[in-house]
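Student: Below you'll find the structure I mean.
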Amino acid sequence: MTVISAIKNRRSYRGKYKPDSVSRENLTKIMEAGLAAPSGCNKQTTSLICVDDIEILRQIHAVIDPPIAKTAPALICVLTQRIPAYRDKCFAVQDYSAAIENMLLAIEELGYRSCWYEGHITDDDRICDKIADILNVPDGYELVCVLPVGIAEEEPVIPVKKDFEERAWFNSFMGN
Ligand SMILES: Cc1cc2nc3c(=O)[nH]c(=O)nc-3n(C[C@H](O)[C@H](O)[C@H](O)COP(=O)(O)O)c2cc1C
C-alpha cells in the first residue's frame, strides 16, 4: 500500500471489532510510526501507552461513558507534555496531531481500523484524566486521545466531504 492509498482508504471506524488480538510487533510498528512524526523544534512532546491487557482495558472502559470501541483488542493512549518549543510558543497540539495521523496511516496499512477519539474523552467530564489515573500517568503529562486498534467487523461509514475545489486552489484564494 502506498502512503497516498493509505491516506485515501483511512476512515474513522466506530463499529465492532473482531476478537483477534493485535500482535505486539504490529502495535510497536504503529507506535514507532507515531514517534517518527515531526515535532516543533524537535521537542518530541508526545508519548504513548498501548494497552492490550484485558483487565486494564476493562478498567478503562468502565470510566468511558457513553462507551466507545469496547470490542477493540488494543487501545493506544496519546500523552502530551505542554512544554514551550521556544519563548512562549508551544507546539504540543501540532506534535501529537502529527503523531496521531502517522499512527492512523500505519494502522490502515497493517489492515486494522481505528478512530481519533479526542473530543469524547477531553470534554468537561474529563474521561481522559480518569484513564490517565488508571495508567499511572505522572504530573506534567496529559492524556489527550485514544486510538483503538483492531480488525473491523463492519464496513466504516463514509463521511460526506466538501469538494476539492471548495477548499484548495492554485496561486490565489479561489484561484483556478
Ligand atoms: C481533533 C479530533 C478529535 C476527534 N474526536 C472524535 C471523537 O471524540 N469521537 C469520534 O467519534 N470521532 C472523533 N474524531 C474523528 C472525526 O469525527 C472524523 O475524523 C471526521 O468525522 C471525518 O471522518 P473520517 O475520519 O472518516 O475522514 C476526531 C477527529 C479529530 C481530528
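Chain labels follow the order of the C-alpha cells: the first chain is A, the next B, and so on; residue numbering restarts at 1 in every chain, and ligands are counted from 1 in their shown order.
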List every residue of chain A that has an atom at most 8 Å from any atom of ligand 1, and for each one report the closest atom pair and its distance in Å to one decimal, counting only C-alpha atoms and all ligand atoms, with rows sorted by chain and then by increasing residue number, as CSV.
Tutor:
```
residue,atom,partner,partner_atom_place_in_ligand_line,distance
A:Arg10,CA,ligand 1,26 (O),6.7
A:Arg11,CA,ligand 1,26 (O),3.6
A:Ser12,CA,ligand 1,26 (O),3.8
A:Tyr13,CA,ligand 1,26 (O),7.0
A:Arg14,CA,ligand 1,11 (O),6.6
A:Ser97,CA,ligand 1,1 (C),7.6
A:Cys115,CA,ligand 1,15 (C),6.0
A:Trp116,CA,ligand 1,14 (N),4.7
A:Tyr117,CA,ligand 1,7 (C),3.9
A:Glu118,CA,ligand 1,5 (N),4.0
A:Gly119,CA,ligand 1,8 (O),3.5
A:His120,CA,ligand 1,8 (O),3.6
A:Ile121,CA,ligand 1,8 (O),6.4
A:Thr122,CA,ligand 1,8 (O),7.9
A:Cys145,CA,ligand 1,3 (C),7.9
A:Pro156,CA,ligand 1,26 (O),7.8
A:Val157,CA,ligand 1,26 (O),7.2
A:Ile158,CA,ligand 1,26 (O),6.2
A:Pro159,CA,ligand 1,23 (O),5.5
A:Lys161,CA,ligand 1,27 (O),7.9
```
Student: If you count only C-alpha atoms, which residues fall within 12 Å of Met31 of chain A, apart from same-chain ones fewer than 6 positions away, as a list of chain:residue names?
Tutor: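 The residues that qualify are A:Arg24, A:Glu25, A:Ala37, A:Thr46, A:Ser47, A:Leu48, A:Ile49, A:Cys50, A:Val51, A:Leu75, A:Ile76, A:Cys77, A:Val78, A:Ala99, A:Ile100, A:Glu101, A:Asn102, A:Met103, A:Leu104, A:Leu105, A:Ala106, A:Ile107, A:Leu147, A:Val149.
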Student: Give me, please, the distance in Å between atom CA of Ile131 of chain A and atom CA of Ser114 of chain A, quoted to one decimal.
Tutor: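 Distance between the two atoms: 18.3 Å.
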Student: Find the distance between atom CA of Ile151 of chain A and atom CA of Tyr17 of chain A and write it in Å to one decimal.
Tutor: 5.5 Å
Student: Hey, what does DSSP flag as alpha helix (DSSP H) within chain A? Can you give it to me as an NGL selection string?
Tutor: :A and (3-9 or 24-35 or 54-62 or 92-109 or 127-134 or 164-167)
Student: When DSSP is applied to the backbone of this structure, which of segment 63-175 of chain A are assigned strand (DSSP E or B)? Write them out as a PyMOL selection string.
Tutor: chain A and resi 74-80+86+89+113-114+117+142-150+152
Student: For Asp129 of chain A, list every protein, DNA or RNA residue within 9 Å, evaluated using only C-alpha atoms, and leave out those in the same chain fewer than 4 positions away; present the list as a list in words.
Tutor: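 Skipping anything fewer than 4 positions along the chain leaves Ile121, Thr122, Asp125, Asp133, Ile134, Glu142, Leu143 and Val144 of chain A.
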Student: Would you save the residues of that selection, restricted to all heavy atoms, as a compact mmCIF listing (two decimals), in the first residue's frame?
Tutor:
```
# COMPACT_ATOMS: atom_id res chain seq x y z
N ILE A 121 -13.20 12.24 24.98
CA ILE A 121 -12.54 11.97 26.28
C ILE A 121 -11.98 13.24 26.95
O ILE A 121 -11.61 13.19 28.12
CB ILE A 121 -11.42 10.91 26.15
CG1 ILE A 121 -10.28 11.40 25.24
CG2 ILE A 121 -11.99 9.58 25.68
CD1 ILE A 121 -8.97 10.68 25.53
N THR A 122 -11.93 14.38 26.18
CA THR A 122 -11.38 15.60 26.78
C THR A 122 -12.47 16.62 27.09
O THR A 122 -12.18 17.79 27.36
CB THR A 122 -10.32 16.26 25.85
OG1 THR A 122 -10.93 16.54 24.59
CG2 THR A 122 -9.12 15.36 25.65
N ASP A 125 -16.33 16.33 31.36
CA ASP A 125 -16.29 15.23 32.33
C ASP A 125 -14.90 14.60 32.45
O ASP A 125 -14.68 13.72 33.29
CB ASP A 125 -17.35 14.15 32.00
CG ASP A 125 -17.26 13.67 30.56
OD1 ASP A 125 -16.47 14.24 29.78
OD2 ASP A 125 -18.00 12.74 30.22
N ASP A 133 -5.22 8.30 35.31
CA ASP A 133 -5.04 7.77 36.68
C ASP A 133 -4.86 6.25 36.65
O ASP A 133 -3.99 5.70 37.33
CB ASP A 133 -6.26 8.10 37.56
CG ASP A 133 -6.23 9.55 38.01
OD1 ASP A 133 -5.17 10.19 37.87
OD2 ASP A 133 -7.27 10.04 38.50
N ILE A 134 -5.69 5.59 35.86
CA ILE A 134 -5.60 4.12 35.77
C ILE A 134 -4.21 3.70 35.26
O ILE A 134 -3.64 2.69 35.71
CB ILE A 134 -6.71 3.58 34.82
CG1 ILE A 134 -8.08 3.80 35.44
CG2 ILE A 134 -6.49 2.10 34.46
CD1 ILE A 134 -9.24 3.63 34.46
N GLU A 142 -0.32 14.93 29.91
CA GLU A 142 -1.78 14.97 29.79
C GLU A 142 -2.21 13.94 28.75
O GLU A 142 -1.62 13.89 27.66
CB GLU A 142 -2.15 16.38 29.30
CG GLU A 142 -3.55 16.78 29.60
CD GLU A 142 -3.79 18.20 29.06
OE1 GLU A 142 -2.93 19.07 29.23
OE2 GLU A 142 -4.83 18.39 28.42
N LEU A 143 -3.20 13.14 29.11
CA LEU A 143 -3.73 12.16 28.14
C LEU A 143 -4.77 12.88 27.28
O LEU A 143 -5.72 13.45 27.81
CB LEU A 143 -4.33 10.98 28.91
CG LEU A 143 -4.59 9.71 28.11
CD1 LEU A 143 -4.54 8.50 29.02
CD2 LEU A 143 -5.91 9.75 27.36
N VAL A 144 -4.56 12.90 25.96
CA VAL A 144 -5.40 13.74 25.09
C VAL A 144 -6.22 12.96 24.07
O VAL A 144 -7.12 13.53 23.44
CB VAL A 144 -4.56 14.81 24.36
CG1 VAL A 144 -4.13 15.91 25.32
CG2 VAL A 144 -3.37 14.19 23.64
```
Student: So, counting only C-alpha atoms, which residue among A:Lys29, A:Trp169, A:Ile60, A:Ala69 is closest to Ala132 of chain A?
Tutor: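 Among the listed residues, A:Ile60 lies closest to Ala132 of chain A.
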Student: Could you check the closest approach to Thr45 of chain A for each of A:Ala62, A:Ala33, A:Ala98, A:Leu27 and tell me which residue wins, using only C-alpha atoms?
Tutor: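 Ranked by minimum distance to Thr45 of chain A, first place goes to A:Ala98.
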